[in-house]
>>> print(open('entry38.txt').read())   # compact mmCIF, N, CA and C atoms and all ligand atoms
# COMPACT_ATOMS: atom_id res chain seq x y z
N MET A 1 -7.12 0.57 -18.10
CA MET A 1 -7.17 1.96 -17.68
C MET A 1 -8.32 2.65 -18.40
N ALA A 2 -9.31 3.10 -17.65
CA ALA A 2 -10.47 3.75 -18.23
C ALA A 2 -10.10 5.13 -18.78
N GLU A 3 -9.36 5.89 -18.01
CA GLU A 3 -8.91 7.20 -18.47
C GLU A 3 -7.51 7.45 -17.96
N GLU A 4 -6.88 8.46 -18.53
CA GLU A 4 -5.49 8.74 -18.17
C GLU A 4 -5.37 9.09 -16.70
N TYR A 5 -4.41 8.48 -16.04
CA TYR A 5 -4.16 8.72 -14.62
C TYR A 5 -3.32 9.98 -14.47
N LYS A 6 -3.82 10.97 -13.73
CA LYS A 6 -3.12 12.26 -13.65
C LYS A 6 -2.62 12.58 -12.24
N ALA A 7 -2.95 11.74 -11.27
CA ALA A 7 -2.50 12.00 -9.90
C ALA A 7 -1.00 11.76 -9.79
N PRO A 8 -0.39 12.21 -8.70
CA PRO A 8 1.05 12.01 -8.54
C PRO A 8 1.45 10.54 -8.63
N LEU A 9 2.62 10.31 -9.23
CA LEU A 9 3.14 8.96 -9.42
C LEU A 9 4.34 8.72 -8.52
N PRO A 10 4.64 7.44 -8.26
CA PRO A 10 5.83 7.14 -7.44
C PRO A 10 7.09 7.69 -8.10
N ASN A 11 8.00 8.15 -7.26
CA ASN A 11 9.32 8.58 -7.70
C ASN A 11 10.34 7.75 -6.94
N PRO A 12 10.63 6.53 -7.43
CA PRO A 12 11.44 5.60 -6.64
C PRO A 12 12.82 6.14 -6.28
N THR A 13 13.22 5.84 -5.05
CA THR A 13 14.56 6.15 -4.57
C THR A 13 15.36 4.84 -4.62
N PRO A 14 16.67 4.89 -4.42
CA PRO A 14 17.41 3.61 -4.37
C PRO A 14 16.83 2.64 -3.34
N ASP A 15 16.35 3.15 -2.19
CA ASP A 15 15.78 2.28 -1.16
C ASP A 15 14.42 1.70 -1.58
N SER A 16 13.60 2.49 -2.27
CA SER A 16 12.23 2.03 -2.58
C SER A 16 12.11 1.38 -3.95
N LYS A 17 13.17 1.44 -4.76
CA LYS A 17 13.11 0.89 -6.13
C LYS A 17 12.68 -0.58 -6.14
N PRO A 18 13.21 -1.46 -5.26
CA PRO A 18 12.74 -2.86 -5.28
C PRO A 18 11.24 -2.99 -4.99
N PHE A 19 10.69 -2.11 -4.15
CA PHE A 19 9.26 -2.15 -3.87
C PHE A 19 8.47 -1.85 -5.13
N TRP A 20 8.84 -0.78 -5.84
CA TRP A 20 8.09 -0.38 -7.04
C TRP A 20 8.30 -1.34 -8.20
N GLU A 21 9.49 -1.93 -8.30
CA GLU A 21 9.71 -2.96 -9.33
C GLU A 21 8.84 -4.18 -9.04
N GLY A 22 8.73 -4.55 -7.76
CA GLY A 22 7.84 -5.65 -7.37
C GLY A 22 6.39 -5.33 -7.71
N ALA A 23 5.99 -4.10 -7.47
CA ALA A 23 4.61 -3.70 -7.78
C ALA A 23 4.31 -3.90 -9.27
N ARG A 24 5.28 -3.56 -10.13
CA ARG A 24 5.08 -3.75 -11.57
C ARG A 24 4.80 -5.22 -11.90
N ARG A 25 5.40 -6.14 -11.12
CA ARG A 25 5.19 -7.58 -11.31
C ARG A 25 4.02 -8.09 -10.48
N HIS A 26 3.30 -7.17 -9.80
CA HIS A 26 2.19 -7.51 -8.92
C HIS A 26 2.65 -8.37 -7.74
N GLU A 27 3.81 -8.00 -7.19
CA GLU A 27 4.33 -8.64 -5.99
C GLU A 27 4.50 -7.56 -4.93
N LEU A 28 3.89 -7.78 -3.77
CA LEU A 28 4.01 -6.82 -2.67
C LEU A 28 5.29 -7.14 -1.90
N ARG A 29 6.32 -6.35 -2.16
CA ARG A 29 7.65 -6.60 -1.58
C ARG A 29 7.81 -5.78 -0.30
N LEU A 30 8.14 -6.47 0.79
CA LEU A 30 8.44 -5.83 2.07
C LEU A 30 9.85 -6.22 2.47
N GLN A 31 10.33 -5.58 3.51
CA GLN A 31 11.64 -5.93 4.04
C GLN A 31 11.48 -6.55 5.43
N ARG A 32 12.45 -7.39 5.77
CA ARG A 32 12.48 -8.06 7.06
C ARG A 32 13.91 -8.01 7.57
N CYS A 33 14.02 -7.85 8.89
CA CYS A 33 15.33 -7.82 9.53
C CYS A 33 15.79 -9.26 9.79
N ARG A 34 17.01 -9.58 9.40
CA ARG A 34 17.53 -10.93 9.66
C ARG A 34 18.00 -11.07 11.11
N THR A 35 18.18 -9.95 11.80
CA THR A 35 18.64 -10.00 13.19
C THR A 35 17.48 -10.22 14.16
N CYS A 36 16.40 -9.40 14.04
CA CYS A 36 15.29 -9.49 15.01
C CYS A 36 14.00 -10.01 14.38
N SER A 37 14.00 -10.29 13.08
CA SER A 37 12.86 -10.87 12.34
C SER A 37 11.70 -9.91 12.11
N GLU A 38 11.84 -8.63 12.50
CA GLU A 38 10.74 -7.69 12.30
C GLU A 38 10.58 -7.36 10.81
N ALA A 39 9.32 -7.45 10.33
CA ALA A 39 9.00 -6.98 8.98
C ALA A 39 8.62 -5.52 9.08
N TYR A 40 8.97 -4.73 8.06
CA TYR A 40 8.67 -3.30 8.15
C TYR A 40 8.43 -2.70 6.77
N PHE A 41 7.78 -1.55 6.80
CA PHE A 41 7.48 -0.74 5.62
C PHE A 41 7.40 0.68 6.13
N TYR A 42 7.94 1.64 5.54
CA TYR A 42 8.41 1.87 4.21
C TYR A 42 9.83 1.31 4.00
N PRO A 43 10.25 1.19 2.74
CA PRO A 43 11.56 0.60 2.47
C PRO A 43 12.72 1.45 2.99
N ARG A 44 13.65 0.80 3.65
CA ARG A 44 14.90 1.43 4.09
C ARG A 44 15.86 0.32 4.46
N ASN A 45 17.13 0.63 4.44
CA ASN A 45 18.12 -0.42 4.62
C ASN A 45 18.64 -0.52 6.05
N VAL A 46 17.86 0.01 7.01
CA VAL A 46 18.16 -0.13 8.43
C VAL A 46 16.89 -0.57 9.13
N CYS A 47 16.97 -1.62 9.95
CA CYS A 47 15.79 -2.10 10.67
C CYS A 47 15.33 -1.04 11.66
N PRO A 48 14.03 -0.65 11.62
CA PRO A 48 13.56 0.35 12.58
C PRO A 48 13.44 -0.22 13.99
N GLY A 49 13.48 -1.55 14.14
CA GLY A 49 13.35 -2.15 15.46
C GLY A 49 14.67 -2.21 16.21
N CYS A 50 15.75 -2.64 15.52
CA CYS A 50 17.03 -2.86 16.23
C CYS A 50 18.21 -2.18 15.55
N LEU A 51 17.96 -1.45 14.47
CA LEU A 51 18.98 -0.69 13.74
C LEU A 51 20.00 -1.56 13.02
N SER A 52 19.72 -2.86 12.88
CA SER A 52 20.60 -3.72 12.11
C SER A 52 20.50 -3.35 10.63
N THR A 53 21.60 -3.52 9.92
CA THR A 53 21.57 -3.31 8.47
C THR A 53 21.49 -4.64 7.74
N ASP A 54 21.32 -5.74 8.49
CA ASP A 54 21.20 -7.07 7.88
C ASP A 54 19.72 -7.33 7.59
N VAL A 55 19.26 -6.80 6.44
CA VAL A 55 17.84 -6.88 6.09
C VAL A 55 17.67 -7.55 4.74
N GLU A 56 16.47 -8.09 4.51
CA GLU A 56 16.19 -8.79 3.24
C GLU A 56 14.80 -8.43 2.75
N TRP A 57 14.57 -8.63 1.44
CA TRP A 57 13.26 -8.42 0.82
C TRP A 57 12.53 -9.75 0.79
N PHE A 58 11.19 -9.69 0.92
CA PHE A 58 10.36 -10.87 0.74
C PHE A 58 9.02 -10.43 0.17
N THR A 59 8.25 -11.39 -0.33
CA THR A 59 6.94 -11.08 -0.92
C THR A 59 5.86 -11.33 0.12
N ALA A 60 5.09 -10.30 0.41
CA ALA A 60 4.03 -10.38 1.41
C ALA A 60 2.78 -11.04 0.81
N SER A 61 1.87 -11.47 1.69
CA SER A 61 0.69 -12.21 1.26
C SER A 61 -0.34 -11.34 0.54
N GLY A 62 -0.37 -10.04 0.86
CA GLY A 62 -1.41 -9.18 0.31
C GLY A 62 -2.70 -9.22 1.12
N ARG A 63 -2.65 -9.88 2.27
CA ARG A 63 -3.83 -9.89 3.15
C ARG A 63 -3.56 -8.98 4.35
N GLY A 64 -4.65 -8.42 4.89
CA GLY A 64 -4.51 -7.56 6.05
C GLY A 64 -5.87 -7.15 6.58
N THR A 65 -5.85 -6.17 7.47
CA THR A 65 -7.09 -5.61 8.00
C THR A 65 -7.02 -4.10 7.88
N LEU A 66 -8.19 -3.49 7.81
CA LEU A 66 -8.27 -2.03 7.72
C LEU A 66 -8.00 -1.47 9.11
N HIS A 67 -6.88 -0.76 9.27
CA HIS A 67 -6.53 -0.20 10.57
C HIS A 67 -7.33 1.07 10.83
N THR A 68 -7.32 1.98 9.85
CA THR A 68 -8.10 3.21 9.97
C THR A 68 -8.33 3.76 8.57
N PHE A 69 -9.23 4.73 8.45
CA PHE A 69 -9.55 5.26 7.13
C PHE A 69 -10.13 6.67 7.25
N SER A 70 -10.15 7.35 6.11
CA SER A 70 -10.82 8.63 5.99
C SER A 70 -11.50 8.64 4.63
N ILE A 71 -12.66 9.22 4.56
CA ILE A 71 -13.36 9.34 3.28
C ILE A 71 -13.12 10.74 2.75
N VAL A 72 -12.52 10.80 1.56
CA VAL A 72 -12.11 12.07 0.98
C VAL A 72 -13.22 12.56 0.05
N HIS A 73 -13.78 13.71 0.37
CA HIS A 73 -14.83 14.31 -0.45
C HIS A 73 -14.34 15.49 -1.27
N ARG A 74 -13.28 16.15 -0.79
CA ARG A 74 -12.73 17.29 -1.51
C ARG A 74 -11.22 17.20 -1.48
N GLY A 75 -10.59 17.65 -2.56
CA GLY A 75 -9.13 17.58 -2.55
C GLY A 75 -8.54 18.42 -3.64
N LEU A 76 -7.41 17.98 -4.10
CA LEU A 76 -6.72 18.69 -5.16
C LEU A 76 -7.46 18.48 -6.48
N LYS A 77 -6.98 19.16 -7.51
CA LYS A 77 -7.62 19.03 -8.83
C LYS A 77 -7.53 17.60 -9.33
N VAL A 78 -6.40 16.94 -9.05
CA VAL A 78 -6.23 15.56 -9.48
C VAL A 78 -6.17 14.66 -8.25
N THR A 79 -6.95 13.61 -8.26
CA THR A 79 -6.99 12.68 -7.13
C THR A 79 -6.74 11.27 -7.66
N PRO A 80 -6.30 10.36 -6.78
CA PRO A 80 -5.97 9.01 -7.25
C PRO A 80 -7.19 8.20 -7.66
N LEU A 81 -8.36 8.61 -7.20
CA LEU A 81 -9.61 7.91 -7.52
C LEU A 81 -10.70 8.97 -7.62
N PRO A 82 -11.80 8.65 -8.29
CA PRO A 82 -12.91 9.61 -8.31
C PRO A 82 -13.41 9.85 -6.88
N MET A 83 -13.79 11.08 -6.58
CA MET A 83 -14.29 11.40 -5.23
C MET A 83 -15.78 11.06 -5.12
N PRO A 84 -16.26 10.69 -3.95
CA PRO A 84 -15.46 10.45 -2.75
C PRO A 84 -14.72 9.12 -2.86
N TYR A 85 -13.57 9.04 -2.19
CA TYR A 85 -12.81 7.78 -2.16
C TYR A 85 -12.28 7.55 -0.75
N VAL A 86 -11.81 6.34 -0.50
CA VAL A 86 -11.36 5.97 0.84
C VAL A 86 -9.84 5.97 0.90
N LEU A 87 -9.30 6.86 1.73
CA LEU A 87 -7.87 6.85 2.08
C LEU A 87 -7.75 5.93 3.28
N ALA A 88 -6.89 4.93 3.20
CA ALA A 88 -6.88 3.88 4.21
C ALA A 88 -5.47 3.61 4.72
N VAL A 89 -5.39 3.15 5.95
CA VAL A 89 -4.17 2.55 6.48
C VAL A 89 -4.50 1.08 6.74
N VAL A 90 -3.81 0.21 6.01
CA VAL A 90 -4.02 -1.23 6.13
C VAL A 90 -2.89 -1.83 6.97
N GLU A 91 -3.29 -2.64 7.94
CA GLU A 91 -2.29 -3.40 8.70
C GLU A 91 -2.13 -4.74 8.00
N LEU A 92 -0.94 -4.95 7.45
CA LEU A 92 -0.67 -6.17 6.69
C LEU A 92 -0.55 -7.37 7.63
N GLU A 93 -0.86 -8.54 7.10
CA GLU A 93 -0.75 -9.78 7.86
C GLU A 93 0.64 -9.94 8.49
N GLU A 94 1.66 -9.44 7.80
CA GLU A 94 3.05 -9.56 8.27
C GLU A 94 3.40 -8.52 9.34
N GLY A 95 2.48 -7.56 9.60
CA GLY A 95 2.71 -6.60 10.67
C GLY A 95 2.77 -5.14 10.27
N PRO A 96 3.50 -4.79 9.20
CA PRO A 96 3.61 -3.36 8.87
C PRO A 96 2.27 -2.76 8.43
N ARG A 97 2.16 -1.46 8.62
CA ARG A 97 0.98 -0.72 8.14
C ARG A 97 1.37 0.09 6.91
N MET A 98 0.41 0.21 5.99
CA MET A 98 0.67 0.84 4.71
C MET A 98 -0.47 1.80 4.37
N MET A 99 -0.15 3.02 4.00
CA MET A 99 -1.18 3.94 3.53
C MET A 99 -1.52 3.57 2.10
N THR A 100 -2.83 3.54 1.80
CA THR A 100 -3.28 3.04 0.51
C THR A 100 -4.69 3.56 0.27
N ASN A 101 -5.37 2.99 -0.70
CA ASN A 101 -6.78 3.29 -0.93
C ASN A 101 -7.57 2.01 -0.81
N LEU A 102 -8.78 2.14 -0.28
CA LEU A 102 -9.72 1.02 -0.24
C LEU A 102 -10.68 1.18 -1.41
N VAL A 103 -10.82 0.14 -2.21
CA VAL A 103 -11.69 0.18 -3.39
C VAL A 103 -12.68 -1.00 -3.31
N GLY A 104 -13.62 -1.03 -4.22
CA GLY A 104 -14.55 -2.15 -4.27
C GLY A 104 -15.63 -2.09 -3.22
N VAL A 105 -15.81 -0.93 -2.63
CA VAL A 105 -16.83 -0.74 -1.60
C VAL A 105 -17.24 0.74 -1.66
N PRO A 106 -18.52 1.06 -1.42
CA PRO A 106 -18.90 2.47 -1.44
C PRO A 106 -18.10 3.27 -0.40
N ALA A 107 -17.69 4.48 -0.77
CA ALA A 107 -16.95 5.35 0.16
C ALA A 107 -17.96 5.95 1.13
N ASP A 108 -18.40 5.13 2.07
CA ASP A 108 -19.49 5.48 2.98
C ASP A 108 -19.24 4.74 4.29
N PRO A 109 -19.30 5.45 5.42
CA PRO A 109 -19.01 4.78 6.71
C PRO A 109 -19.95 3.61 7.00
N GLU A 110 -21.08 3.55 6.33
CA GLU A 110 -21.97 2.39 6.51
C GLU A 110 -21.35 1.11 5.94
N HIS A 111 -20.41 1.27 5.00
CA HIS A 111 -19.84 0.12 4.32
C HIS A 111 -18.38 -0.14 4.66
N VAL A 112 -17.76 0.78 5.37
CA VAL A 112 -16.32 0.67 5.67
C VAL A 112 -16.17 0.60 7.19
N ARG A 113 -15.48 -0.42 7.66
CA ARG A 113 -15.32 -0.62 9.10
C ARG A 113 -13.86 -0.91 9.44
N CYS A 114 -13.36 -0.29 10.50
CA CYS A 114 -12.03 -0.64 10.99
C CYS A 114 -12.01 -2.13 11.35
N ASP A 115 -10.88 -2.75 11.14
CA ASP A 115 -10.64 -4.17 11.40
C ASP A 115 -11.27 -5.10 10.36
N MET A 116 -11.94 -4.56 9.33
CA MET A 116 -12.47 -5.44 8.30
C MET A 116 -11.32 -6.10 7.53
N PRO A 117 -11.43 -7.38 7.19
CA PRO A 117 -10.38 -8.04 6.40
C PRO A 117 -10.34 -7.46 4.99
N VAL A 118 -9.13 -7.24 4.49
CA VAL A 118 -8.94 -6.69 3.14
C VAL A 118 -7.89 -7.50 2.40
N VAL A 119 -7.95 -7.42 1.07
CA VAL A 119 -6.96 -8.09 0.22
C VAL A 119 -6.43 -7.10 -0.81
N LEU A 120 -5.21 -7.33 -1.20
CA LEU A 120 -4.52 -6.48 -2.16
C LEU A 120 -5.13 -6.58 -3.54
N GLU A 121 -5.17 -5.44 -4.23
CA GLU A 121 -5.58 -5.39 -5.64
C GLU A 121 -4.63 -4.41 -6.33
N TRP A 122 -4.00 -4.86 -7.40
CA TRP A 122 -3.04 -3.99 -8.09
C TRP A 122 -3.76 -3.09 -9.09
N ALA A 123 -3.31 -1.84 -9.16
CA ALA A 123 -3.83 -0.87 -10.13
C ALA A 123 -2.68 -0.46 -11.04
N ASP A 124 -2.71 -0.92 -12.29
CA ASP A 124 -1.70 -0.52 -13.29
C ASP A 124 -2.14 0.84 -13.83
N VAL A 125 -1.73 1.92 -13.15
CA VAL A 125 -2.25 3.24 -13.48
C VAL A 125 -1.58 3.87 -14.71
N THR A 126 -0.34 3.49 -14.99
CA THR A 126 0.35 3.91 -16.22
C THR A 126 1.17 2.70 -16.68
N PRO A 127 1.73 2.76 -17.89
CA PRO A 127 2.57 1.63 -18.31
C PRO A 127 3.77 1.42 -17.39
N GLU A 128 4.20 2.46 -16.66
CA GLU A 128 5.38 2.35 -15.80
C GLU A 128 5.04 2.21 -14.32
N ALA A 129 3.83 2.53 -13.92
CA ALA A 129 3.53 2.60 -12.48
C ALA A 129 2.33 1.74 -12.10
N THR A 130 2.53 0.97 -11.06
CA THR A 130 1.48 0.14 -10.49
C THR A 130 1.35 0.47 -9.01
N LEU A 131 0.12 0.69 -8.57
CA LEU A 131 -0.12 1.08 -7.18
C LEU A 131 -0.85 -0.04 -6.44
N PRO A 132 -0.45 -0.30 -5.17
CA PRO A 132 -1.20 -1.25 -4.37
C PRO A 132 -2.45 -0.59 -3.79
N ARG A 133 -3.58 -1.23 -3.99
CA ARG A 133 -4.84 -0.80 -3.36
C ARG A 133 -5.42 -2.03 -2.69
N PHE A 134 -6.42 -1.85 -1.84
CA PHE A 134 -7.02 -2.98 -1.14
C PHE A 134 -8.53 -2.93 -1.31
N ARG A 135 -9.14 -4.12 -1.22
CA ARG A 135 -10.61 -4.22 -1.26
C ARG A 135 -11.03 -5.17 -0.16
N PRO A 136 -12.32 -5.10 0.24
CA PRO A 136 -12.78 -6.04 1.27
C PRO A 136 -12.52 -7.49 0.84
N ALA A 137 -12.11 -8.32 1.80
CA ALA A 137 -11.82 -9.72 1.49
C ALA A 137 -13.12 -10.50 1.32
ZN ZN B 201 15.88 -5.73 13.57
>>> encode(input="entry38.txt", output="structure tokens")
Amino acid sequence: MAEEYKAPLPNPTPDSKPFWEGARRHELRLQRCRTCSEAYFYPRNVCPGCLSTDVEWFTASGRGTLHTFSIVHRGLKVTPLPMPYVLAVVELEEGPRMMTNLVGVPADPEHVRCDMPVVLEWADVTPEATLPRFRPA
């Protein structure tokens, strides 16, 4: 950690606690429905596809593609990354989409393209909180 992280931190709920505990171990935990096999995110104990409550946790690959993005030039006093930064929606290999940040590339449309392959990179922002971010593969 180069400097103290001051942006908002996760506030785990009973449903999301396994996701954030996995993040601390650098494991991207998603849920999957045992009835229809759909993987989904955000964490919840009801399948959004078929409403079954027979769901399980699994560890995702951390690979995906950039679905869409925005380059943030102005924002609140505290931001998750120095500005400008890339706010991204990544489509994971397993199917679900996740809002995150794209790092390891200039925050410039010349360098960021929809559908570009990306890989997970963990950011241990505090001793208690780890955030999933992605970089070009
Ligand atoms: Zn289902």
>>> closest_atom_pairs(input="entry38.txt", of="chain A", to="ligand ZN 201 (chain B)", cutoff="5 Å", atoms="all atoms listed in the file", output="Markdown table")
| residue | atom | partner | partner_atom | distance |
| --- | --- | --- | --- | --- |
| A:Cys33 | CA | B:ZN201 | ZN | 4.6 |
| A:Thr35 | C | B:ZN201 | ZN | 4.8 |
| A:Cys36 | N | B:ZN201 | ZN | 3.7 |
| A:Ser37 | N | B:ZN201 | ZN | 5.0 |
| A:Cys47 | CA | B:ZN201 | ZN | 4.6 |
| A:Gly49 | C | B:ZN201 | ZN | 4.6 |
| A:Cys50 | N | B:ZN201 | ZN | 3.7 |
| A:Leu51 | N | B:ZN201 | ZN | 4.8 |
| A:Ser52 | N | B:ZN201 | ZN | 4.8 |
>>> residues_around(input="entry38.txt", residues="segment 72-80 of chain A", least_positions_apart="4", cutoff="9 Å", atoms="only C-alpha atoms", output="list in words")
Tyr5, Lys6, Ala7, Pro8, Pro84, Tyr85, Val86, Leu87, Asn101 and Ala107 of chain A
>>> select_by_dssp(input="entry38.txt", residues="segment 44-132 of chain A", states="strand (DSSP E)", output="PyMOL selection string")
chain A and resi 55-59+63-72+85-92+97-102+117-124+130-132
>>> atom_distance(input="entry38.txt", atom1="atom N of His67 of chain A", atom2="atom C of Leu81 of chain A")
19.9 Å
>>> residues_around(input="entry38.txt", residues="Ser16 of chain A", least_positions_apart="6", cutoff="8 Å", atoms="all atoms listed in the file", output="MDAnalysis selection string")
chainID A and resid 22 42:45
>>> axis_aligned_box(input="entry38.txt", around="segment 80-92 of chain A", padding_each_side="5 Å", output="AutoDock Vina command-line options")
--center_x -8.4 --center_y 2.0 --center_z 0.2 --size_x 25.7 --size_y 28.8 --size_z 27.0
>>> atom_distance(input="entry38.txt", atom1="atom CA of Arg135 of chain A", atom2="atom CA of Pro12 of chain A")
24.7 Å
>>> closest_atom_pairs(input="entry38.txt", of="segment 50-101 of chain A", to="segment 110-116 of chain A", cutoff="9 Å", atoms="only C-alpha atoms", output="tab-separated table")
residue	atom	partner	partner_atom	distance
A:Gly64	CA	A:Met116	CA	8.5
A:Thr65	CA	A:Asp115	CA	5.1
A:Leu66	CA	A:Asp115	CA	4.9
A:His67	CA	A:Cys114	CA	5.5
A:Thr68	CA	A:Cys114	CA	5.6
A:Phe69	CA	A:Cys114	CA	7.5
A:Val86	CA	A:Val112	CA	8.7
A:Val90	CA	A:Asp115	CA	9.0
A:Glu91	CA	A:Asp115	CA	8.8
>>> residues_around(input="entry38.txt", residues="Phe134 of chain A", least_positions_apart="4", cutoff="7 Å", atoms="only C-alpha atoms", output="MDAnalysis selection string")
chainID A and resid 101:103 118:121
